[in-house]
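File shown here: start.txt, holding compact mmCIF, C-alpha atoms (C1' of nucleotides).
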```txt
# COMPACT_ATOMS: atom_id res chain seq x y z
CA MET A 1 -36.11 13.21 -30.67
CA ILE A 2 -36.11 16.99 -30.47
CA ASP A 3 -33.17 18.73 -28.87
CA GLN A 4 -35.07 19.80 -25.81
CA ASP A 5 -36.00 16.22 -24.96
CA LEU A 6 -32.41 15.11 -25.42
CA ALA A 7 -31.15 17.91 -23.18
CA ALA A 8 -33.65 16.93 -20.49
CA ARG A 9 -32.71 13.27 -20.81
CA LYS A 10 -29.04 14.14 -20.37
CA GLN A 11 -29.75 16.38 -17.40
CA PHE A 12 -31.79 13.67 -15.72
CA PHE A 13 -29.08 11.10 -16.26
CA SER A 14 -26.25 13.25 -14.86
CA GLU A 15 -28.14 14.28 -11.77
CA HIS A 16 -29.63 10.93 -10.83
CA LEU A 17 -26.55 8.87 -11.59
CA LEU A 18 -24.39 11.14 -9.45
CA ASN A 19 -26.79 10.94 -6.51
CA TRP A 20 -27.10 7.19 -6.88
CA TYR A 21 -23.32 6.74 -6.87
CA ARG A 22 -22.83 8.89 -3.80
CA THR A 23 -25.38 6.80 -1.93
CA TYR A 24 -24.58 3.29 -3.11
CA LYS A 25 -20.90 3.29 -4.12
CA ARG A 26 -18.86 0.31 -2.97
CA ASP A 27 -16.18 0.79 -0.36
CA LEU A 28 -13.17 -0.13 -2.50
CA PRO A 29 -9.64 0.20 -1.13
CA TRP A 30 -8.47 2.68 -3.79
CA ARG A 31 -11.45 4.93 -3.01
CA ARG A 32 -10.18 5.65 0.51
CA ASN A 33 -8.16 8.65 -0.62
CA LYS A 34 -7.28 10.62 -3.76
CA ASP A 35 -3.64 9.55 -4.09
CA ALA A 36 -3.07 9.62 -7.85
CA TYR A 37 -0.46 6.86 -7.77
CA ARG A 38 -2.71 4.46 -5.88
CA ILE A 39 -5.63 5.24 -8.18
CA TRP A 40 -3.43 4.81 -11.25
CA VAL A 41 -2.27 1.37 -10.11
CA SER A 42 -5.89 0.35 -9.52
CA GLU A 43 -6.96 1.56 -12.96
CA VAL A 44 -4.20 -0.36 -14.71
CA MET A 45 -5.03 -3.52 -12.78
CA LEU A 46 -8.74 -3.05 -13.53
CA GLN A 47 -8.17 -3.06 -17.29
CA GLN A 48 -9.82 -6.29 -18.41
CA THR A 49 -9.92 -7.53 -14.82
CA ARG A 50 -12.76 -7.71 -12.31
CA VAL A 51 -12.78 -5.79 -9.05
CA ASP A 52 -12.87 -8.90 -6.84
CA THR A 53 -9.78 -10.27 -8.56
CA VAL A 54 -7.90 -6.99 -8.36
CA ILE A 55 -8.40 -6.20 -4.65
CA PRO A 56 -5.85 -8.68 -3.18
CA TYR A 57 -3.33 -7.87 -5.92
CA TRP A 58 -3.73 -4.16 -5.28
CA HIS A 59 -3.12 -4.59 -1.52
CA ARG A 60 0.01 -6.67 -2.03
CA PHE A 61 1.31 -4.32 -4.71
CA LEU A 62 0.80 -1.14 -2.66
CA GLU A 63 2.26 -2.75 0.44
CA LYS A 64 5.42 -3.61 -1.46
CA PHE A 65 5.53 -0.44 -3.59
CA PRO A 66 3.72 2.24 -1.54
CA THR A 67 5.08 5.17 -3.51
CA VAL A 68 6.14 6.20 -7.00
CA GLN A 69 9.74 6.06 -5.85
CA ALA A 70 9.43 2.54 -4.43
CA LEU A 71 8.03 1.17 -7.68
CA ALA A 72 10.47 3.15 -9.82
CA GLU A 73 13.44 1.63 -7.99
CA ALA A 74 12.14 -1.96 -7.72
CA PRO A 75 13.72 -4.86 -9.64
CA GLU A 76 11.53 -5.84 -12.57
CA GLU A 77 11.25 -9.48 -11.46
CA GLU A 78 9.64 -8.36 -8.21
CA VAL A 79 7.06 -6.32 -10.09
CA LEU A 80 6.34 -9.22 -12.44
CA LYS A 81 6.04 -11.63 -9.51
CA LEU A 82 3.41 -9.44 -7.83
CA TRP A 83 1.53 -9.35 -11.13
CA GLU A 84 1.65 -13.16 -11.48
CA GLY A 85 -1.79 -14.51 -12.37
CA LEU A 86 -3.29 -11.13 -13.33
CA GLY A 87 -2.41 -11.54 -16.99
CA TYR A 88 -1.45 -9.02 -19.67
CA TYR A 89 1.98 -8.67 -18.16
CA SER A 90 2.96 -5.76 -20.40
CA ARG A 91 0.66 -3.73 -18.16
CA ALA A 92 3.09 -4.27 -15.30
CA ARG A 93 6.19 -3.47 -17.34
CA ASN A 94 4.58 -0.38 -18.88
CA LEU A 95 3.40 0.79 -15.47
CA GLN A 96 6.86 0.55 -13.99
CA ALA A 97 8.42 2.33 -16.98
CA ALA A 98 5.80 5.07 -16.70
CA VAL A 99 6.33 5.43 -12.96
CA GLN A 100 10.07 5.73 -13.54
CA GLU A 101 9.34 8.60 -15.91
CA VAL A 102 7.08 10.25 -13.33
CA HIS A 103 9.82 9.84 -10.72
CA GLU A 104 12.55 11.31 -12.90
CA ARG A 105 10.78 13.91 -14.96
CA TYR A 106 7.91 15.04 -12.71
CA GLY A 107 9.54 14.69 -9.30
CA GLY A 108 7.26 11.82 -8.33
CA THR A 109 3.99 13.69 -8.92
CA VAL A 110 1.59 12.07 -11.38
CA PRO A 111 0.85 14.69 -14.08
CA ASP A 112 -2.56 16.36 -13.79
CA ASN A 113 -3.01 17.28 -17.45
CA LYS A 114 -4.05 15.24 -20.44
CA GLU A 115 -1.02 15.79 -22.60
CA ASP A 116 1.62 14.80 -20.05
CA ILE A 117 -0.23 11.86 -18.52
CA SER A 118 -1.15 10.49 -21.97
CA SER A 119 2.50 10.44 -22.97
CA LEU A 120 3.26 7.84 -20.28
CA LYS A 121 3.68 4.20 -21.31
CA GLY A 122 0.50 2.20 -20.99
CA VAL A 123 -1.69 5.26 -20.38
CA GLY A 124 -4.33 5.46 -23.10
CA PRO A 125 -7.48 7.55 -23.32
CA TYR A 126 -9.34 5.55 -20.69
CA THR A 127 -6.61 5.48 -18.03
CA ALA A 128 -5.75 9.14 -18.60
CA GLY A 129 -9.38 10.16 -18.14
CA ALA A 130 -9.86 7.94 -15.12
CA VAL A 131 -6.83 9.24 -13.22
CA LEU A 132 -7.46 12.88 -14.17
CA SER A 133 -11.09 12.76 -13.12
CA ILE A 134 -10.85 10.54 -10.04
CA ALA A 135 -7.63 11.87 -8.53
CA TYR A 136 -7.80 15.48 -9.72
CA ASN A 137 -11.52 15.95 -10.46
CA LYS A 138 -10.73 17.18 -13.98
CA PRO A 139 -13.75 17.08 -16.35
CA GLU A 140 -12.30 14.40 -18.65
CA PRO A 141 -14.31 11.41 -19.88
CA ALA A 142 -13.20 7.90 -18.85
CA VAL A 143 -14.83 5.56 -21.32
CA ASP A 144 -14.40 1.84 -20.72
CA GLY A 145 -16.59 -1.10 -21.70
CA ASN A 146 -19.04 -0.43 -18.88
CA VAL A 147 -19.52 3.16 -19.97
CA MET A 148 -20.05 2.26 -23.63
CA ARG A 149 -22.67 -0.28 -22.62
CA VAL A 150 -24.51 2.13 -20.32
CA LEU A 151 -24.50 4.98 -22.83
CA SER A 152 -25.50 2.79 -25.76
CA ARG A 153 -28.52 1.64 -23.78
CA TYR A 154 -29.57 4.87 -22.12
CA PHE A 155 -29.33 6.81 -25.41
CA CYS A 156 -30.25 3.83 -27.63
CA ILE A 157 -27.07 4.16 -29.68
CA GLU A 158 -26.75 1.35 -32.21
CA ASP A 159 -23.13 1.83 -33.20
CA ASP A 160 -20.98 -1.28 -32.86
CA ILE A 161 -18.99 -0.75 -29.65
CA ALA A 162 -16.34 -3.19 -30.88
CA LYS A 163 -15.37 -0.69 -33.60
CA PRO A 164 -12.63 1.79 -32.70
CA ALA A 165 -14.59 4.53 -34.48
CA THR A 166 -17.35 4.36 -31.87
CA ARG A 167 -15.04 5.49 -29.07
CA PRO A 168 -14.69 9.20 -29.93
CA LYS A 169 -18.45 9.50 -30.18
CA MET A 170 -18.90 7.96 -26.75
CA GLU A 171 -16.16 10.16 -25.28
CA LYS A 172 -17.82 13.31 -26.55
CA LEU A 173 -21.15 12.25 -25.08
CA ALA A 174 -19.59 11.19 -21.78
CA GLN A 175 -17.84 14.53 -21.44
CA GLU A 176 -21.04 16.48 -22.05
CA LEU A 177 -22.72 14.58 -19.22
CA ILE A 178 -20.17 15.41 -16.50
CA PRO A 179 -21.84 17.61 -13.86
CA ASP A 180 -19.93 20.74 -12.80
CA GLY A 181 -17.28 19.97 -10.21
CA ALA A 182 -18.19 16.28 -9.92
CA ALA A 183 -16.16 14.58 -12.66
CA GLY A 184 -14.60 11.96 -10.39
CA ASP A 185 -17.81 10.79 -8.77
CA PHE A 186 -19.78 10.94 -12.00
CA ASN A 187 -17.26 8.90 -14.00
CA GLN A 188 -17.02 6.32 -11.24
CA GLY A 189 -20.81 6.27 -11.08
CA LEU A 190 -21.02 5.44 -14.80
CA MET A 191 -18.69 2.50 -14.36
CA GLU A 192 -20.33 1.43 -11.11
CA LEU A 193 -23.73 1.37 -12.80
CA GLY A 194 -22.32 -0.77 -15.60
CA ALA A 195 -20.73 -3.17 -13.13
CA LEU A 196 -23.65 -3.52 -10.71
CA VAL A 197 -26.90 -2.71 -12.53
CA CYS A 198 -26.54 -2.20 -16.28
CA THR A 199 -24.73 -5.53 -16.64
CA PRO A 200 -23.87 -7.21 -19.96
CA ARG A 201 -26.54 -9.87 -19.53
CA SER A 202 -29.78 -9.56 -17.59
CA PRO A 203 -29.52 -5.87 -16.68
CA GLN A 204 -31.26 -5.06 -13.40
CA CYS A 205 -33.41 -2.29 -14.83
CA LEU A 206 -35.88 -2.24 -11.95
CA THR A 207 -33.17 -1.04 -9.57
CA CYS A 208 -31.65 1.43 -12.04
CA PRO A 209 -31.63 5.09 -10.98
CA VAL A 210 -32.11 6.27 -14.58
CA MET A 211 -34.59 3.68 -15.84
CA ALA A 212 -37.35 6.26 -16.22
CA HIS A 213 -35.61 7.89 -19.19
CA CYS A 214 -33.54 5.00 -20.57
CA ALA A 215 -34.19 4.96 -24.32
CA ALA A 216 -33.35 1.28 -24.73
CA ARG A 217 -35.69 0.33 -21.91
CA LEU A 218 -38.46 2.53 -23.26
CA ASN A 219 -38.07 0.83 -26.64
CA GLY A 220 -37.81 -2.66 -25.14
CA LYS A 221 -34.28 -3.02 -26.51
CA GLU A 222 -32.24 -3.19 -23.32
CA ALA A 223 -31.39 -6.84 -24.03
CA GLU A 224 -30.28 -6.18 -27.63
CA LEU A 225 -27.93 -3.32 -26.83
CA PRO A 226 -25.09 -2.68 -27.07
CA VAL A 227 -24.39 -3.90 -30.59
CA LYS A 228 -21.06 -5.66 -30.48
CA THR A 229 -19.46 -7.86 -33.13
CA LYS A 230 -17.96 -11.05 -31.80
CA ALA A 231 -14.25 -11.64 -31.57
CA LYS A 232 -12.67 -14.38 -33.64
CA PRO A 233 -12.26 -17.64 -31.73
CA PRO A 234 -8.72 -18.39 -30.58
CA ARG A 235 -6.70 -20.65 -32.89
CA PRO A 236 -5.96 -24.05 -31.34
CA GLU A 237 -2.37 -25.14 -30.67
CA GLN A 238 -1.39 -28.63 -29.58
CA ARG A 239 1.64 -28.30 -27.33
CA LEU A 240 3.82 -30.93 -25.71
CA VAL A 241 5.17 -30.10 -22.28
CA ALA A 242 8.32 -31.72 -20.90
CA LEU A 243 8.24 -32.36 -17.19
CA ILE A 244 11.98 -32.89 -16.95
CA GLU A 245 12.85 -34.52 -13.63
CA GLY A 246 16.32 -33.96 -12.23
CA GLN A 247 18.56 -36.80 -11.14
CA GLY A 248 21.60 -37.03 -8.89
CA GLU A 249 22.32 -33.61 -7.47
CA HIS A 250 19.12 -32.31 -9.10
CA ALA A 251 16.86 -35.06 -7.77
CA GLY A 252 13.37 -33.82 -6.90
CA LYS A 253 13.76 -30.73 -9.10
CA LEU A 254 12.16 -29.76 -12.41
CA LEU A 255 13.81 -28.01 -15.34
CA ILE A 256 12.20 -24.64 -16.05
CA ARG A 257 12.95 -21.93 -18.56
CA GLN A 258 12.44 -18.20 -18.90
CA ARG A 259 10.58 -16.96 -21.95
CA PRO A 260 12.07 -14.43 -24.37
CA GLN A 261 12.14 -10.71 -23.60
CA GLU A 262 9.31 -9.86 -25.98
CA GLY A 263 5.98 -11.28 -27.01
CA LEU A 264 3.60 -13.70 -25.37
CA LEU A 265 4.18 -14.04 -21.61
CA ALA A 266 7.42 -12.11 -22.01
CA ARG A 267 10.06 -12.92 -19.38
CA MET A 268 7.76 -15.27 -17.49
CA TRP A 269 9.03 -18.69 -16.40
CA GLU A 270 7.50 -21.97 -17.60
CA LEU A 271 8.00 -25.67 -18.17
CA PRO A 272 9.68 -26.39 -21.51
CA HIS A 273 7.18 -27.11 -24.27
CA VAL A 274 7.05 -27.35 -28.05
CA LEU A 275 4.42 -26.82 -30.71
CA MET A 276 3.11 -30.04 -32.26
CA PRO A 277 2.19 -29.42 -35.92
CA ALA A 278 -1.46 -29.99 -36.67
CA ALA A 279 -1.97 -33.73 -36.88
CA ALA A 280 -3.13 -35.41 -40.06
CA PRO A 281 -6.82 -36.31 -39.75
CA ALA A 282 -5.99 -40.04 -39.63
CA ALA A 283 -3.76 -39.76 -36.58
CA SER A 284 -5.69 -37.15 -34.70
CA GLY A 285 -4.90 -38.74 -31.42
CA ARG A 286 -7.32 -38.83 -28.58
CA LYS A 287 -10.19 -41.20 -28.05
CA ALA A 288 -13.31 -39.15 -28.50
CA ALA A 289 -14.76 -40.58 -25.32
CA SER A 290 -17.65 -38.28 -24.53
CA ALA A 291 -16.61 -34.70 -25.02
CA LYS A 292 -17.45 -33.94 -21.42
CA ALA A 293 -14.80 -36.28 -19.99
CA ALA A 294 -12.16 -35.06 -22.43
CA ALA A 295 -10.58 -33.06 -19.64
CA MET A 296 -8.19 -35.82 -18.64
CA VAL A 297 -8.02 -38.52 -21.29
CA ALA A 298 -4.63 -39.82 -22.36
CA PRO A 299 -3.76 -39.83 -26.05
CA ASP A 300 -3.92 -43.26 -27.62
CA ALA A 301 -0.70 -45.24 -28.02
CA ALA A 302 0.01 -44.09 -31.56
CA ALA A 303 -0.49 -40.43 -30.77
CA ALA A 304 1.57 -40.67 -27.59
CA GLY A 305 4.38 -42.24 -29.58
CA GLU A 306 4.32 -39.37 -32.07
CA HIS A 307 4.21 -36.91 -29.21
CA ARG A 308 7.28 -38.39 -27.54
CA GLU A 309 9.25 -38.43 -30.75
CA TRP A 310 8.31 -34.89 -31.70
CA LEU A 311 9.04 -33.60 -28.20
CA ARG A 312 12.49 -35.21 -28.14
CA ASN A 313 13.45 -33.99 -31.62
CA ALA A 314 12.09 -30.48 -31.23
CA LEU A 315 13.75 -29.83 -27.89
CA ALA A 316 17.05 -31.22 -29.18
CA GLU A 317 17.06 -29.22 -32.39
CA ALA A 318 15.76 -25.90 -31.18
CA GLU A 319 17.10 -25.86 -27.63
CA HIS A 320 19.92 -28.40 -27.43
CA ILE A 321 18.03 -30.04 -24.59
CA HIS A 322 18.24 -33.81 -25.04
CA VAL A 323 15.42 -35.59 -23.27
CA LEU A 324 13.99 -39.07 -23.10
CA PRO A 325 10.21 -38.66 -22.84
CA ASN A 326 8.54 -41.28 -20.67
CA GLU A 327 4.90 -41.72 -19.77
CA TRP A 328 2.10 -39.24 -20.38
CA TYR A 329 1.41 -37.39 -17.14
CA MET A 330 -1.65 -35.14 -17.62
CA ASN A 331 -3.30 -32.73 -19.99
CA THR A 332 -4.74 -29.29 -19.51
CA ASP A 333 -5.87 -26.24 -21.45
CA HIS A 334 -4.83 -22.62 -21.38
CA VAL A 335 -6.91 -20.15 -23.31
CA PHE A 336 -5.63 -16.73 -24.35
CA SER A 337 -7.74 -14.27 -26.33
CA HIS A 338 -6.04 -15.33 -29.55
CA ILE A 339 -4.59 -18.82 -28.90
CA HIS A 340 -5.98 -21.95 -27.27
CA TRP A 341 -3.19 -24.13 -25.91
CA LYS A 342 -4.02 -27.82 -25.57
CA LEU A 343 -1.21 -29.18 -23.45
CA ASP A 344 -0.14 -32.80 -23.08
CA VAL A 345 2.46 -33.23 -20.37
CA TYR A 346 5.10 -35.99 -20.51
CA ARG A 347 7.50 -36.97 -17.78
CA CYS A 348 11.06 -36.88 -19.11
CA LYS A 349 14.62 -37.52 -18.04
CA LEU A 350 17.66 -35.89 -19.53
CA ASP A 351 19.46 -38.20 -21.94
CA ALA A 352 22.66 -39.09 -20.10
CA ALA A 353 24.26 -40.30 -23.33
CA LEU A 354 24.14 -36.87 -24.92
CA ASP A 355 24.90 -33.29 -24.03
CA ASN A 356 22.60 -32.72 -21.10
CA GLY A 357 24.13 -29.57 -19.74
CA VAL A 358 21.57 -27.00 -18.80
CA ALA A 359 23.89 -24.07 -18.25
CA LEU A 360 23.21 -22.92 -21.75
CA PRO A 361 24.61 -19.86 -23.50
CA GLU A 362 22.61 -16.65 -23.80
CA LEU A 363 22.36 -17.14 -27.55
CA LEU A 364 19.51 -19.57 -27.12
CA PRO A 365 15.99 -18.15 -27.04
CA TYR A 366 15.28 -19.55 -23.59
CA HIS A 367 17.20 -19.54 -20.33
CA TYR A 368 17.05 -22.79 -18.35
CA ARG A 369 17.33 -23.50 -14.62
CA TRP A 370 16.58 -26.27 -12.12
CA LEU A 371 13.70 -25.54 -9.76
CA ALA A 372 13.06 -27.12 -6.35
CA ALA A 373 9.53 -27.26 -4.97
CA ASP A 374 10.28 -24.60 -2.34
CA GLU A 375 11.68 -22.20 -4.95
CA LEU A 376 8.43 -21.84 -6.84
CA HIS A 377 7.67 -18.54 -5.15
CA GLN A 378 10.85 -16.96 -6.52
CA TYR A 379 9.72 -16.96 -10.13
CA ALA A 380 6.70 -15.57 -11.97
CA PHE A 381 4.82 -18.33 -13.81
CA PRO A 382 1.59 -18.24 -15.84
CA ASN A 383 -1.15 -20.00 -13.90
CA VAL A 384 -1.27 -23.01 -16.18
CA PHE A 385 2.27 -24.04 -15.25
CA ILE A 386 1.65 -23.41 -11.56
CA ARG A 387 -1.25 -25.88 -11.78
CA ILE A 388 0.93 -28.53 -13.42
CA MET A 389 3.80 -28.09 -10.97
CA ASP A 390 1.48 -28.02 -7.97
CA THR A 391 0.07 -31.34 -9.14
CA TYR A 392 3.57 -32.73 -9.56
CA PHE A 393 5.04 -31.48 -6.30
CA LYS A 394 1.77 -32.37 -4.47
C1' DA B 1 -8.45 -1.28 -39.03
C1' DA B 2 -6.80 -5.46 -37.29
C1' DG B 3 -4.23 -8.39 -34.48
C1' DG B 4 -1.30 -9.40 -30.16
C1' DC B 5 -1.71 -9.73 -25.32
C1' DG B 6 -4.30 -13.35 -19.80
C1' DG B 7 -7.21 -14.83 -16.99
C1' DG B 8 -11.57 -15.51 -14.49
C1' DG B 9 -16.75 -15.53 -13.72
C1' DC B 10 -21.38 -16.79 -15.04
C1' DC B 11 -25.20 -19.76 -16.66
C1' DG C 1 -18.27 -26.48 -20.91
C1' DG C 2 -19.22 -22.88 -23.69
C1' DC C 3 -20.45 -18.30 -23.09
C1' DC C 4 -19.02 -13.71 -21.70
C1' DC C 5 -16.07 -9.79 -19.76
C1' DA C 6 -11.70 -5.48 -23.04
C1' DG C 7 -7.67 -1.22 -22.80
C1' DC C 8 -3.29 -0.35 -24.97
C1' DC C 9 0.06 -1.53 -28.01
C1' DT C 10 2.11 -2.41 -32.67
C1' DT C 11 1.65 -3.09 -37.40
```
Written as structure tokens, that's how I'd like the structure from this file.
Amino acid sequence: MIDQDLAARKQFFSEHLLNWYRTYKRDLPWRRNKDAYRIWVSEVMLQQTRVDTVIPYWHRFLEKFPTVQALAEAPEEEVLKLWEGLGYYSRARNLQAAVQEVHERYGGTVPDNKEDISSLKGVGPYTAGAVLSIAYNKPEPAVDGNVMRVLSRYFCIEDDIAKPATRPKMEKLAQELIPDGAAGDFNQGLMELGALVCTPRSPQCLTCPVMAHCAARLNGKEAELPVKTKAKPPRPEQRLVALIEGQGEHAGKLLIRQRPQEGLLARMWELPHVLMPAAAPAASGRKAASAKAAAMVAPDAAAAGEHREWLRNALAEAEHIHVLPNEWYMNTDHVFSHIHWKLDVYRCKLDAALDNGVALPELLPYHYRWLAADELHQYAFPNVFIRIMDTYFK
DNA sequence: AAGGCGGGGCC
DNA sequence: GGCCCAGCCTT
């Protein structure tokens, strides 16, 4: 394509996308004003998370922490609790740390320049560009997955968008397209088009404001673009969960623990569980009754016996929690991007004959506590454990 | 460059 | 029930 055609194609895109956005944009709560803090919170929540999921979280979060100062001074457990179920919990911890820095170093005003805002925890190229353009109308690109998909189609770019090296190229292009004085609306329009029209599968080209000059469409390649290598499948982990039921003064309660400070689901609460080493092929465990019904099939007797023994030994050795596992209760799955937990849950009692104290020293990796049904709201749990405990408490 | 880090929606 | 959606961090 000669330069003049490319320039015209860019000009057409910028103009028509901006007009389309201003006519059809959704009425989202964080679009009601230009408060940089409110927009920042929305952008962090929207990382890897859909708009419909984010809206109720955003309302609860802003109601509880309406200002930079309120979030800066909040206890971390409260922040984590309001993030419960959204996933990627480091986003919440990074956001609070960053807001504390804004409170202390910038007097509560979110920085309006690339260098300062990019130095904040959890603020990468996308979030920096989004806040600068949407809140301050600065001509900075905000390239997320939607934008890469839209640009790769409209300009028929065949670079693999899963490769980090593709990003700078897309950012340069996105910046060149920003119309004078309209960075915020244009950047939001790019993402809005990706979310509503130029969707990952079955793009709605006939309603697209820039279809007339879309290179992928003109070449019949809108379904093949963007090029994106697939992620590796998550590695499976068989885990055994102890549903430890209190007795005596703890009757009706379950034993829960808080995860370590760092790593997966850091500082979240959960039911105690242990990793079961990959079973030998001979004792693989579960009746292969039609794969479809596998959702709730008990392990066979031999596998359940191995499970109970492993659960008892592992909890005793690693945690000094001595349990007597009883009957299998349920199974469920929890899939992360990189791990696939297959959980078998066993009802357990503490072994009265052995050390069954649960006021354990801080030296242990986990911190244990008894939980009553009406105390569930006080702790932040990953959804998978909420499901199990809801089932148990009815 | 590659891997760690959650959870939900669509077909 | 298997497919997809992905920014920022650390290593």
What are the closest atom pairs, with distances in Å to one decimal, for each residue of stretch 114-207 of chain A lying within 10 Å of stretch 3-10 of chain C, using all atoms listed in the file, rows by chain and rising residue number, as CSV?
```
residue,atom,partner,partner_atom,distance
A:Lys121,CA,C:DC8,C1',9.1
A:Gly122,CA,C:DC8,C1',6.1
A:Val123,CA,C:DC8,C1',7.4
A:Gly124,CA,C:DC8,C1',6.2
A:Pro125,CA,C:DG7,C1',8.8
A:Tyr126,CA,C:DG7,C1',7.3
A:Thr127,CA,C:DG7,C1',8.3
A:Val143,CA,C:DG7,C1',10.0
A:Asp144,CA,C:DG7,C1',7.7
A:Gly145,CA,C:DA6,C1',6.7
A:Asn146,CA,C:DA6,C1',9.8
A:Ala162,CA,C:DA6,C1',9.4
A:Pro200,CA,C:DC5,C1',8.2
A:Arg201,CA,C:DC4,C1',8.7
```
Would you mind reading off the distance between atom CA of A:Glu375 and atom CA of A:Lys253, one decimal, in Å?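 Here the two named atoms are 9.7 Å from each other.
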Chain A residues near chain C (12 Å cut-off, only C-alpha atoms (C1' of nucleotides)) as a ChimeraX atom specification: /A:43-51,88-91,94-95,118,120-128,142-146,148-149,161-162,164,167,194-195,199-201,228,230-231,233,263,291-295,337
Would you save the residues from that selection as a PDB file, in the frame of the given file, using C-alpha atoms?
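Result file is result_30.pdb:
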```pdb
ATOM      1  CA  GLU A  43      -6.960   1.560 -12.960  1.00  0.00           C
ATOM      2  CA  VAL A  44      -4.200  -0.360 -14.710  1.00  0.00           C
ATOM      3  CA  MET A  45      -5.030  -3.520 -12.780  1.00  0.00           C
ATOM      4  CA  LEU A  46      -8.740  -3.050 -13.530  1.00  0.00           C
ATOM      5  CA  GLN A  47      -8.170  -3.060 -17.290  1.00  0.00           C
ATOM      6  CA  GLN A  48      -9.820  -6.290 -18.410  1.00  0.00           C
ATOM      7  CA  THR A  49      -9.920  -7.530 -14.820  1.00  0.00           C
ATOM      8  CA  ARG A  50     -12.760  -7.710 -12.310  1.00  0.00           C
ATOM      9  CA  VAL A  51     -12.780  -5.790  -9.050  1.00  0.00           C
ATOM     10  CA  TYR A  88      -1.450  -9.020 -19.670  1.00  0.00           C
ATOM     11  CA  TYR A  89       1.980  -8.670 -18.160  1.00  0.00           C
ATOM     12  CA  SER A  90       2.960  -5.760 -20.400  1.00  0.00           C
ATOM     13  CA  ARG A  91       0.660  -3.730 -18.160  1.00  0.00           C
ATOM     14  CA  ASN A  94       4.580  -0.380 -18.880  1.00  0.00           C
ATOM     15  CA  LEU A  95       3.400   0.790 -15.470  1.00  0.00           C
ATOM     16  CA  SER A 118      -1.150  10.490 -21.970  1.00  0.00           C
ATOM     17  CA  LEU A 120       3.260   7.840 -20.280  1.00  0.00           C
ATOM     18  CA  LYS A 121       3.680   4.200 -21.310  1.00  0.00           C
ATOM     19  CA  GLY A 122       0.500   2.200 -20.990  1.00  0.00           C
ATOM     20  CA  VAL A 123      -1.690   5.260 -20.380  1.00  0.00           C
ATOM     21  CA  GLY A 124      -4.330   5.460 -23.100  1.00  0.00           C
ATOM     22  CA  PRO A 125      -7.480   7.550 -23.320  1.00  0.00           C
ATOM     23  CA  TYR A 126      -9.340   5.550 -20.690  1.00  0.00           C
ATOM     24  CA  THR A 127      -6.610   5.480 -18.030  1.00  0.00           C
ATOM     25  CA  ALA A 128      -5.750   9.140 -18.600  1.00  0.00           C
ATOM     26  CA  ALA A 142     -13.200   7.900 -18.850  1.00  0.00           C
ATOM     27  CA  VAL A 143     -14.830   5.560 -21.320  1.00  0.00           C
ATOM     28  CA  ASP A 144     -14.400   1.840 -20.720  1.00  0.00           C
ATOM     29  CA  GLY A 145     -16.590  -1.100 -21.700  1.00  0.00           C
ATOM     30  CA  ASN A 146     -19.040  -0.430 -18.880  1.00  0.00           C
ATOM     31  CA  MET A 148     -20.050   2.260 -23.630  1.00  0.00           C
ATOM     32  CA  ARG A 149     -22.670  -0.280 -22.620  1.00  0.00           C
ATOM     33  CA  ILE A 161     -18.990  -0.750 -29.650  1.00  0.00           C
ATOM     34  CA  ALA A 162     -16.340  -3.190 -30.880  1.00  0.00           C
ATOM     35  CA  PRO A 164     -12.630   1.790 -32.700  1.00  0.00           C
ATOM     36  CA  ARG A 167     -15.040   5.490 -29.070  1.00  0.00           C
ATOM     37  CA  GLY A 194     -22.320  -0.770 -15.600  1.00  0.00           C
ATOM     38  CA  ALA A 195     -20.730  -3.170 -13.130  1.00  0.00           C
ATOM     39  CA  THR A 199     -24.730  -5.530 -16.640  1.00  0.00           C
ATOM     40  CA  PRO A 200     -23.870  -7.210 -19.960  1.00  0.00           C
ATOM     41  CA  ARG A 201     -26.540  -9.870 -19.530  1.00  0.00           C
ATOM     42  CA  LYS A 228     -21.060  -5.660 -30.480  1.00  0.00           C
ATOM     43  CA  LYS A 230     -17.960 -11.050 -31.800  1.00  0.00           C
ATOM     44  CA  ALA A 231     -14.250 -11.640 -31.570  1.00  0.00           C
ATOM     45  CA  PRO A 233     -12.260 -17.640 -31.730  1.00  0.00           C
ATOM     46  CA  GLY A 263       5.980 -11.280 -27.010  1.00  0.00           C
ATOM     47  CA  ALA A 291     -16.610 -34.700 -25.020  1.00  0.00           C
ATOM     48  CA  LYS A 292     -17.450 -33.940 -21.420  1.00  0.00           C
ATOM     49  CA  ALA A 293     -14.800 -36.280 -19.990  1.00  0.00           C
ATOM     50  CA  ALA A 294     -12.160 -35.060 -22.430  1.00  0.00           C
ATOM     51  CA  ALA A 295     -10.580 -33.060 -19.640  1.00  0.00           C
ATOM     52  CA  SER A 337      -7.740 -14.270 -26.330  1.00  0.00           C
TER      53      SER A 337
END
```
What residues in chain A have any atom no more than 7 Å from chain B when counting all atoms listed in the file, and can you write them as number ranges by chain? A: 86-88, 264, 336
Neighbour residues at most 7 Å from (-5.3, 12.9, -5.2) (all atoms listed in the file) as a short mmCIF file (atom, residue, chain, number, x, y, z; two decimals) with C-alpha atoms, in the frame of the given file:
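Contents of the output file out_21.cif:
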```cif
data_model
loop_
_atom_site.label_atom_id
_atom_site.label_comp_id
_atom_site.auth_asym_id
_atom_site.auth_seq_id
_atom_site.Cartn_x
_atom_site.Cartn_y
_atom_site.Cartn_z
CA ASN A 33 -8.16 8.65 -0.62
CA LYS A 34 -7.28 10.62 -3.76
CA ASP A 35 -3.64 9.55 -4.09
CA ALA A 36 -3.07 9.62 -7.85
CA ALA A 135 -7.63 11.87 -8.53
CA TYR A 136 -7.80 15.48 -9.72
#
```
